[in-house]
Amino acid sequence: MSSFQTSPGTRDILPPHAGRWRALIQVFADGVESAGYQNIIPPLFEDLGVFQRLGDATDVVTKEMYDFMDKGGRHIALRPEHTASVCRAFAQHRPTPPWKVWYSGPNFRYERPQAGRFRQFDQVGIEVLGVDDSQLDVEVISLGWDFYQAIGLSNVSLVINSLGDAGDRGRYIEALGAYFTTHSETLSEQALATLERNPLRVLDSKRPQDASAIAGAPAIGAFLSTDAAAHFAAVCAGLDALNIPYVVNERLVRGLDYYQRTTFEFISGSLDSAQNAVGGGGRYDGLVEDLGGPATPGIGFALGVDRTLLACDAEECFSYGFPALDVFVIDTTGGSYALSITHQLRHSGFSADRAFEGRSMKSQMKSADRSGAQVAVIIGDTEAEESTCTVRNLSTSEQTTIPSTELQSHLVSVLGPRQPRRHTP
């Protein structure tokens, strides 16, 4: 047993599972880039104040952040989510709006590890800054919906709500506070603590003790202004126009304090009900301003990679194995031929591997079989003397000997054309 193990809440993602992660991110990138989104890579840590803007009533800020003093005496925190970092980047660099960006990468929260929830966890997501238009809300939601469709998930549902404008939200929070105070004797100890900080967060409770009080709580719809109600109606109409099914849930408030107007979640019906949200987001007008930038509307979402893949496992979709090699090069003459041929094949666009340490033909053939390569290119003493090579189909064991100069054209005829590797000066 190794002297060192991964820290609680973290894990090694080994092949081929790491390849599945990368493939998932590539599907996401292809989808959002086709809609004009460009990649942003924010830093893993920021000034603590950036993330405190998420809201003093959220567990992310009060309990879960990894924050510390660095060697320069700065109070910094590991990134618990991406949106605040993206808004900080907008406030700092002032790009021309609308600014449409996508991201992928790890976040860090100190919480109890469980299935689909780790202390280091990856998300993919998008943010759009500088546009206040209900049709943009529809575009953002539709990109998340299309992603889940693209990876084969069919048991995912969309839940939406509106939290109204800042004034609407304030009146609603006041009404919730009064309501939950009158029902305080039925609430759990944790809900009572949340009530003191932000009554809205009580609606997030999944504890059975709180269910009855939450079920009778006022609904946000009665507090929406005319403009906010019209905005939400337009979002629903846009989703209808795109034939995207959804359910309106007026108890949906999301877990961070910066949301206004449109909020939404993607729910997997294949996962345990306590951990079935695979992604979500909403509109957060005002966050850029809180971070020192101009008043800027914003909307986006984040999708959890772990839970999404758990949902894929449950639905038996988006499977992934070791990537198949085109060629395995075998050389029993000392290795120089294998070095040269493998190099040339890779630069011609073929995926190729080889054995090392001067192993026997039998040992190298076993490695070739394990590699999953389609063909083996064999160089023995005879082939070296005659400037030929033997190409063996590793599925059928059929083989043929050809001049070395014809190897690449022969592989193209067997495996199909490849795109040569491009060199960037």
# chains A, B, ... in the order shown; residues from 1 in each chain; ligands from 1

call {"tool": "residues_around", "arguments": {"residues": "Ala219 in chain A", "least_positions_apart": "3", "cutoff": "12 Å", "atoms": "only C-alpha atoms", "output": "JSON, numbers by chain"}}
result
{"A": [161, 162, 163, 164, 168, 169, 171, 172, 173, 175, 176, 179, 200, 203, 214, 215, 216, 222, 223, 224, 248, 249, 250, 251, 252, 253]}

call {"tool": "select_by_dssp", "arguments": {"residues": "range 168-365 of chain A", "states": "alpha helix (DSSP H)", "output": "MDAnalysis selection string"}}
result
chainID A and resid 168:182 189:197 208:215 226:241 287:290 305:315 336:347 361:365

call {"tool": "closest_residue", "arguments": {"among": "A:Ser413, A:Gln364, A:Ser387, A:Ser134", "to": "Ala237 in chain A", "atoms": "only C-alpha atoms"}}
result
A:Ser134

call {"tool": "select_by_dssp", "arguments": {"residues": "range 246-285 of chain A", "states": "strand (DSSP E or B)", "output": "number ranges by chain"}}
result
A: 247-248, 260-268, 277-283

call {"tool": "closest_atom_pairs", "arguments": {"of": "range 149-266 of chain A", "to": "range 139-142 of chain A", "cutoff": "8 Å", "atoms": "only C-alpha atoms", "output": "JSON lines"}}
result
{"residue": "A:Leu239", "atom": "CA", "partner": "A:Ser142", "partner_atom": "CA", "distance": 7.7}
{"residue": "A:Ile244", "atom": "CA", "partner": "A:Ser142", "partner_atom": "CA", "distance": 7.5}
{"residue": "A:Phe264", "atom": "CA", "partner": "A:Ile141", "partner_atom": "CA", "distance": 7.9}

call {"tool": "closest_residue", "arguments": {"among": "A:Ile151, A:Ala77, A:Leu339, A:Thr6", "to": "Tyr320 in chain A", "atoms": "only C-alpha atoms"}}
result
A:Ile151
